[in-house]
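Shown here: run28.tsv, TSV, C-alpha atoms.
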chain	number	residue	atom	x	y	z
S	1	MET	CA	-14.31	233.23	95.58
S	2	ASN	CA	-11.12	234.55	94.02
S	3	HIS	CA	-8.11	234.60	96.28
S	4	PRO	CA	-5.19	236.91	95.44
S	5	LYS	CA	-2.20	235.07	94.05
S	6	PRO	CA	0.84	235.24	96.25
S	7	SER	CA	3.66	237.30	94.72
S	8	ILE	CA	6.56	235.22	93.58
S	9	ARG	CA	9.91	236.97	93.69
S	10	THR	CA	12.63	235.79	91.48
S	11	ALA	CA	16.12	235.04	92.72
S	12	LYS	CA	17.35	238.13	90.91
S	13	GLU	CA	14.97	240.42	92.79
S	14	THR	CA	15.82	238.76	96.09
S	15	THR	CA	19.54	239.20	95.47
S	16	ALA	CA	19.06	242.85	94.52
S	17	GLU	CA	17.09	243.53	97.68
S	18	THR	CA	19.68	241.74	99.78
S	19	ALA	CA	22.47	243.75	98.15
S	20	GLN	CA	20.72	247.04	98.89
S	21	ALA	CA	19.70	246.13	102.44
S	22	PRO	CA	21.48	248.30	105.00
S	23	ILE	CA	23.81	246.68	107.50
S	24	LEU	CA	24.83	247.88	110.93
S	25	TYR	CA	22.09	250.51	111.21
S	26	GLY	CA	22.71	251.84	107.71
S	27	LEU	CA	26.45	252.40	108.12
S	28	LEU	CA	27.33	249.63	105.66
S	29	LYS	CA	25.70	248.40	102.48
S	30	ARG	CA	26.27	245.42	100.24
S	31	ARG	CA	27.28	246.06	96.63
S	32	ARG	CA	27.72	243.72	93.70
S	33	LEU	CA	31.20	243.80	92.17
S	34	PHE	CA	32.11	242.35	88.79
S	35	LEU	CA	35.63	240.97	88.49
S	36	PRO	CA	37.36	239.55	85.40
S	37	THR	CA	38.01	235.86	85.30
S	38	LEU	CA	41.48	234.35	85.28
S	39	GLY	CA	41.14	233.76	81.55
S	40	ALA	CA	40.35	237.42	80.92
S	41	LEU	CA	43.32	238.47	83.03
S	42	ALA	CA	45.62	236.10	81.15
S	43	ILE	CA	44.45	237.43	77.77
S	44	SER	CA	44.87	241.05	78.91
S	45	CYS	CA	48.39	240.39	80.21
S	46	GLY	CA	49.29	238.61	76.97
S	47	LEU	CA	48.05	241.49	74.82
S	48	PHE	CA	49.90	244.03	76.98
S	49	LEU	CA	53.10	241.98	76.77
S	50	CYS	CA	52.87	241.77	72.96
S	51	PHE	CA	52.28	245.52	72.80
S	52	LEU	CA	55.29	246.15	75.06
S	53	VAL	CA	57.57	243.86	73.05
S	54	ALA	CA	56.60	245.63	69.82
S	55	ILE	CA	56.66	249.24	71.07
S	56	ALA	CA	59.51	249.24	73.63
S	57	PRO	CA	62.41	248.94	71.11
S	58	ILE	CA	60.88	251.62	68.88
S	59	TYR	CA	60.50	254.02	71.79
S	60	TYR	CA	64.06	253.32	72.93
S	61	ARG	CA	65.45	254.08	69.47
S	62	PHE	CA	63.47	257.32	69.54
S	63	LEU	CA	65.24	258.40	72.74
S	64	ALA	CA	68.64	257.01	71.71
S	65	GLU	CA	68.79	259.04	68.53
S	66	ASN	CA	71.61	258.52	66.02
S	67	ALA	CA	72.14	261.58	63.83
S	68	PRO	CA	75.91	262.15	63.48
S	69	LEU	CA	77.36	265.04	61.53
S	70	LYS	CA	80.26	264.66	59.12
S	71	GLY	CA	83.40	266.40	60.27
S	72	GLY	CA	83.74	268.99	62.98
S	73	ALA	CA	84.34	268.25	66.65
S	74	LEU	CA	83.40	265.24	68.75
S	75	LEU	CA	82.10	265.84	72.28
S	76	ILE	CA	81.96	263.20	75.01
S	77	SER	CA	81.57	263.15	78.77
S	78	GLY	CA	84.55	261.98	80.79
S	79	GLU	CA	82.16	259.86	82.88
S	80	GLU	CA	81.29	257.61	79.91
S	81	ASN	CA	82.35	253.95	80.00
S	82	ASP	CA	85.30	252.50	78.10
S	83	ARG	CA	83.11	251.30	75.23
S	84	ALA	CA	81.90	254.81	74.44
S	85	MET	CA	85.35	256.33	74.93
S	86	SER	CA	86.93	253.72	72.67
S	87	GLU	CA	84.33	254.48	69.99
S	88	ALA	CA	85.15	258.19	70.23
S	89	ILE	CA	88.89	257.49	69.95
S	90	HIS	CA	88.31	255.22	66.96
S	91	LEU	CA	86.28	257.89	65.14
S	92	LEU	CA	89.04	260.40	65.80
S	93	GLN	CA	91.76	258.04	64.59
S	94	ILE	CA	90.02	257.32	61.28
S	95	LYS	CA	89.69	261.07	60.69
S	96	GLU	CA	85.90	261.17	60.95
S	97	TYR	CA	86.26	264.20	63.23
S	98	ASP	CA	88.87	266.90	63.60
S	99	SER	CA	89.07	267.21	67.38
S	100	LEU	CA	87.89	265.58	70.60
S	101	TYR	CA	86.45	267.50	73.56
S	102	VAL	CA	86.08	265.66	76.89
S	103	LEU	CA	83.70	267.08	79.50
S	104	CYS	CA	85.14	266.95	83.03
S	105	THR	CA	82.42	267.41	85.61
S	106	HIS	CA	84.78	267.81	88.56
S	107	LEU	CA	88.40	268.93	88.62
S	108	ARG	CA	89.37	267.62	92.03
S	109	LYS	CA	92.94	267.94	93.23
S	110	GLY	CA	94.51	264.84	94.72
S	111	GLY	CA	92.60	261.90	96.13
S	112	VAL	CA	92.84	258.13	95.93
S	113	LEU	CA	90.82	257.82	92.69
S	114	VAL	CA	92.66	260.72	91.05
S	115	PRO	CA	96.36	259.83	91.46
S	116	ASN	CA	97.67	262.33	88.91
S	117	GLY	CA	96.20	265.39	90.56
S	118	THR	CA	92.99	266.14	88.65
S	119	ASP	CA	90.19	264.40	86.78
S	120	GLU	CA	91.56	266.06	83.65
S	121	ALA	CA	94.84	264.18	84.01
S	122	LEU	CA	92.97	260.96	84.77
S	123	ASN	CA	90.88	261.27	81.59
S	124	ALA	CA	94.00	262.04	79.53
S	125	GLU	CA	95.70	258.92	80.86
S	126	ARG	CA	92.61	256.84	80.17
S	127	ILE	CA	92.38	258.12	76.60
S	128	ARG	CA	96.07	257.30	76.01
S	129	ARG	CA	95.49	253.80	77.35
S	130	LEU	CA	92.44	253.13	75.18
S	131	GLY	CA	93.97	254.78	72.11
S	132	HIS	CA	97.33	252.99	72.44
S	133	GLY	CA	99.18	256.26	72.15
S	134	ALA	CA	98.88	260.00	72.38
S	135	ILE	CA	95.44	261.33	71.44
S	136	ALA	CA	94.89	265.05	71.00
S	137	ASP	CA	91.97	265.86	73.28
S	138	ARG	CA	90.80	268.98	75.04
S	139	SER	CA	89.27	268.80	78.52
S	140	VAL	CA	86.30	271.09	79.12
S	141	PRO	CA	85.80	271.86	82.84
S	142	LEU	CA	82.18	271.92	83.94
S	143	PRO	CA	80.60	273.36	87.08
S	144	ASP	CA	78.62	271.12	89.36
S	145	PRO	CA	75.10	270.89	87.79
S	146	LEU	CA	73.58	270.51	91.27
S	147	LEU	CA	74.89	273.97	92.17
S	148	VAL	CA	74.38	275.97	88.97
S	149	GLY	CA	71.62	274.02	87.20
S	150	PRO	CA	71.60	272.10	83.91
S	151	GLN	CA	71.19	275.12	81.61
S	152	ALA	CA	74.17	276.93	83.13
S	153	THR	CA	76.22	273.75	82.71
S	154	TYR	CA	75.55	273.66	78.95
S	155	SER	CA	76.20	277.39	78.65
S	156	SER	CA	79.59	276.94	80.33
S	157	ILE	CA	80.63	274.62	77.48
S	158	VAL	CA	79.93	277.37	74.96
S	159	ASN	CA	81.76	279.97	77.03
S	160	TRP	CA	84.81	277.77	77.51
S	161	MET	CA	85.08	276.93	73.81
S	162	GLY	CA	84.69	280.59	72.91
S	163	LYS	CA	87.65	281.48	75.14
S	164	ASN	CA	89.83	278.53	74.08
S	165	GLY	CA	90.17	278.45	70.31
S	166	GLY	CA	86.64	279.28	69.25
S	167	VAL	CA	83.36	277.36	68.99
S	168	PRO	CA	83.32	274.71	66.22
S	169	SER	CA	80.65	275.06	63.55
S	170	ARG	CA	79.73	271.37	63.80
S	171	ILE	CA	79.70	269.29	67.00
S	172	THR	CA	78.62	265.68	67.42
S	173	TYR	CA	77.88	264.47	70.94
S	174	LEU	CA	78.65	260.81	71.68
S	175	GLY	CA	76.86	259.22	74.62
S	176	THR	CA	75.66	255.90	75.97
S	177	GLY	CA	72.10	254.67	76.27
S	178	ALA	CA	68.89	256.64	75.85
S	179	GLN	CA	70.24	260.15	76.46
S	180	GLY	CA	70.96	261.06	72.82
S	181	ARG	CA	67.83	262.96	71.82
S	182	THR	CA	67.62	264.98	75.03
S	183	GLU	CA	71.32	265.89	74.92
S	184	GLN	CA	70.95	267.06	71.33
S	185	ILE	CA	68.05	269.34	72.26
S	186	GLU	CA	69.87	270.82	75.28
S	187	LEU	CA	73.14	271.34	73.40
S	188	GLN	CA	71.39	272.84	70.38
S	189	ARG	CA	69.62	275.34	72.62
S	190	ALA	CA	72.93	276.35	74.23
S	191	PHE	CA	74.85	276.62	70.92
S	192	ASN	CA	72.12	278.39	68.96
S	193	ARG	CA	73.73	281.78	69.56
S	194	CYS	CA	76.88	280.52	67.84
S	195	HIS	CA	74.97	279.00	64.90
S	196	THR	CA	76.55	275.61	65.63
S	197	GLN	CA	75.01	272.41	64.31
S	198	ILE	CA	74.65	269.60	66.86
S	199	GLY	CA	74.65	265.91	65.94
S	200	VAL	CA	74.46	262.89	68.20
S	201	ILE	CA	75.77	259.31	68.34
S	202	SER	CA	74.20	256.81	70.76
S	203	VAL	CA	76.34	253.84	71.81
S	204	SER	CA	74.64	250.66	73.04
S	205	PRO	CA	74.65	250.37	76.85
S	206	VAL	CA	76.63	247.75	78.73
S	207	GLU	CA	74.24	247.26	81.65
S	208	TYR	CA	71.21	246.02	79.68
S	209	ASN	CA	69.92	244.96	76.27
S	210	GLU	CA	68.44	247.97	74.49
S	211	ASN	CA	65.66	245.83	72.95
S	212	TRP	CA	64.65	244.43	76.36
S	213	TRP	CA	65.32	247.47	78.52
S	214	TRP	CA	62.00	247.13	80.36
S	215	MET	CA	63.04	243.76	81.80
S	216	THR	CA	65.92	245.18	83.85
S	217	SER	CA	65.88	247.76	86.61
S	218	ALA	CA	68.83	249.65	85.10
S	219	GLY	CA	67.16	249.93	81.71
S	220	PHE	CA	63.77	250.87	83.13
S	221	ARG	CA	65.26	253.57	85.37
S	222	GLU	CA	67.27	255.08	82.53
S	223	VAL	CA	64.40	255.17	80.05
S	224	LEU	CA	62.06	256.63	82.66
S	225	SER	CA	64.63	259.27	83.63
S	226	GLU	CA	65.39	260.22	80.02
S	227	SER	CA	61.67	260.35	79.22
S	228	LEU	CA	61.19	262.92	81.97
S	229	ARG	CA	64.24	264.88	80.78
S	230	PHE	CA	62.94	264.83	77.22
S	231	ALA	CA	59.52	266.09	78.33
S	232	VAL	CA	61.13	268.96	80.28
S	233	ALA	CA	63.38	269.83	77.33
S	234	ILE	CA	60.41	269.94	74.95
S	235	CYS	CA	58.49	272.21	77.33
S	236	LYS	CA	61.42	274.66	77.28
S	237	LEU	CA	61.38	274.99	73.48
Can you turn what I pasted into structure tokens?
Amino acid sequence: MNHPKPSIRTAKETTAETAQAPILYGLLKRRRLFLPTLGALAISCGLFLCFLVAIAPIYYRFLAENAPLKGGALLISGEENDRAMSEAIHLLQIKEYDSLYVLCTHLRKGGVLVPNGTDEALNAERIRRLGHGAIADRSVPLPDPLLVGPQATYSSIVNWMGKNGGVPSRITYLGTGAQGRTEQIELQRAFNRCHTQIGVISVSPVEYNENWWWMTSAGFREVLSESLRFAVAICKL
């Protein structure tokens, strides 16, 4: 007499049934989850780090563009650090540029930090100190960008130059860090009506190493901020 052979379930089938078995009256169910091993995580982190070390400096140099024009006017913000201002004064002293325009965001009267009456006077004194003598500069008053918006701020530069001696045909903007490419795009858009060429000079930052910007909070914040500004500027073109 032949007896039926008992079914033998493998461990795999048993595990699958256990994983699919409902728990707590069908409200919960077991699922199998595959996770990478520590070795796989270490290899992935190593590859990502190598990619970051290779790409990060290239991307930074893309944002911090250096495309100066020969001759014309030099434009710099009065809020730049002494390194950038000294570089601008040096370029003016060696006759690389004909004139220096300093952007003054606020023209406050009086105050502890503005002993000579206005930010314009404070910038003039600072330029004399860094240049070891009288430097011919012209202060360009700017409205508060939080009140009028960025585009109106750039347009005010064009309007002020048009009313005070005329708009130069060639302007080179000197700034610090990763703002160069975005500033060139914004300034070129504002000066297009005057057919003015815009160049840019990017000075190395003081707060962080430009090749290792992603290792410091200051560098990471600046690159992230300028990346967003660049994306917005490109969308406006």
Extract, using only C-alpha atoms, all DNA, RNA and protein residues at most 10 Å from region 148-164 of chain S, discarding same-chain residues fewer than 4 positions from it, and format them as a list in words.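 Selected residues are Tyr101, Leu103, Thr105, Arg138, Val140, Pro141, Leu142, Pro143, Asp144, Pro168, Glu183, Glu186, Leu187, Gln188, Arg189, Ala190, Phe191, Asn192, Arg193 and Cys194 of chain S.
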For Leu49 (chain S), which residue out of S:Ile127, S:Ala178, S:Ala67, S:Met215 is the nearest one, using only C-alpha atoms?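 Under the stated criterion, the closest residue is S:Met215.
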Which residues, written as a list in words, have at least one atom at most 9 Å from Ala88 (chain S), with only C-alpha atoms counted and residues fewer than 3 positions away on the same chain left out?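 The neighbour list is Leu74, Leu75, Ile76, Arg83, Ala84, Met85, Leu91, Leu92, Gln93, Leu100 and Leu174 of chain S.
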Find the smallest box with edges along x, y and z containing every listed atom of region 164-181 of chain S, then add 8 Å on each side and report centre and edge lengths in Å to one decimal, as JSON.
{"center_x": 79.0, "center_y": 267.0, "center_z": 70.0, "size_x": 38.3, "size_y": 40.6, "size_z": 28.9}
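Between CA of Tyr173 (chain S) and CA of Ala231 (chain S) the interatomic distance comes to 19.9 Å.
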Given all atoms listed in the file as the counted atoms, nearest of S:Leu33, S:Ile43, S:Leu63, S:Leu237 to Thr176 (chain S): S:Leu63
Ser204 (chain S): which residues within 12 Å, counting all atoms listed in the file, same-chain residues fewer than 4 positions away excluded, as a PyMOL selection string? chain S and resi 60-61+64-66+80-84+87+174-180+208-211+213+219
Could those residues be written to a file, using C-alpha atoms, as a PDB file, in the coordinates of the input?
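Final file, selection_27.pdb:
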ATOM      1  CA  TYR S  60      64.060 253.320  72.930  1.00  0.00           C
ATOM      2  CA  ARG S  61      65.450 254.080  69.470  1.00  0.00           C
ATOM      3  CA  ALA S  64      68.640 257.010  71.710  1.00  0.00           C
ATOM      4  CA  GLU S  65      68.790 259.040  68.530  1.00  0.00           C
ATOM      5  CA  ASN S  66      71.610 258.520  66.020  1.00  0.00           C
ATOM      6  CA  GLU S  80      81.290 257.610  79.910  1.00  0.00           C
ATOM      7  CA  ASN S  81      82.350 253.950  80.000  1.00  0.00           C
ATOM      8  CA  ASP S  82      85.300 252.500  78.100  1.00  0.00           C
ATOM      9  CA  ARG S  83      83.110 251.300  75.230  1.00  0.00           C
ATOM     10  CA  ALA S  84      81.900 254.810  74.440  1.00  0.00           C
ATOM     11  CA  GLU S  87      84.330 254.480  69.990  1.00  0.00           C
ATOM     12  CA  LEU S 174      78.650 260.810  71.680  1.00  0.00           C
ATOM     13  CA  GLY S 175      76.860 259.220  74.620  1.00  0.00           C
ATOM     14  CA  THR S 176      75.660 255.900  75.970  1.00  0.00           C
ATOM     15  CA  GLY S 177      72.100 254.670  76.270  1.00  0.00           C
ATOM     16  CA  ALA S 178      68.890 256.640  75.850  1.00  0.00           C
ATOM     17  CA  GLN S 179      70.240 260.150  76.460  1.00  0.00           C
ATOM     18  CA  GLY S 180      70.960 261.060  72.820  1.00  0.00           C
ATOM     19  CA  TYR S 208      71.210 246.020  79.680  1.00  0.00           C
ATOM     20  CA  ASN S 209      69.920 244.960  76.270  1.00  0.00           C
ATOM     21  CA  GLU S 210      68.440 247.970  74.490  1.00  0.00           C
ATOM     22  CA  ASN S 211      65.660 245.830  72.950  1.00  0.00           C
ATOM     23  CA  TRP S 213      65.320 247.470  78.520  1.00  0.00           C
ATOM     24  CA  GLY S 219      67.160 249.930  81.710  1.00  0.00           C
TER      25      GLY S 219
END
To one decimal place, how far is CA of Gly131 (chain S) from CA of Gly78 (chain S) in Å? 14.7 Å
Select, from S:Thr182, S:Trp214, S:Leu122, S:Phe220, the residue with the minimum atom-to-atom distance to Lys236 (chain S), counting all atoms listed in the file. S:Thr182
Please report the interatomic distance between CA of Ala73 (chain S) and CA of Ile171 (chain S) in Å with one decimal.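 Straight-line distance from CA of Ala73 (chain S) to CA of Ile171 (chain S) works out to 4.8 Å.
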Nearest to Ile58 (chain S), chosen from S:Trp212, S:Arg32, S:Glu222, S:Val232, with only C-alpha atoms counted in the distances: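 The closest residue to Ile58 (chain S) is S:Trp212.
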Which residue gives the smallest distance to Val167 (chain S) among S:Ile185, S:Ile198, S:Leu69, S:Ala124, with all atoms listed in the file counted?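 Looking only at the distances to Val167 (chain S), the closest residue turns out to be S:Ile198.
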Kindly indicate which residue among S:His195, S:Ser77, S:Phe62, S:Gly71 lies nearest to Ile94 (chain S), using all atoms listed in the file for the distances.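 That would be S:Gly71, the residue with the smallest distance to Ile94 (chain S).
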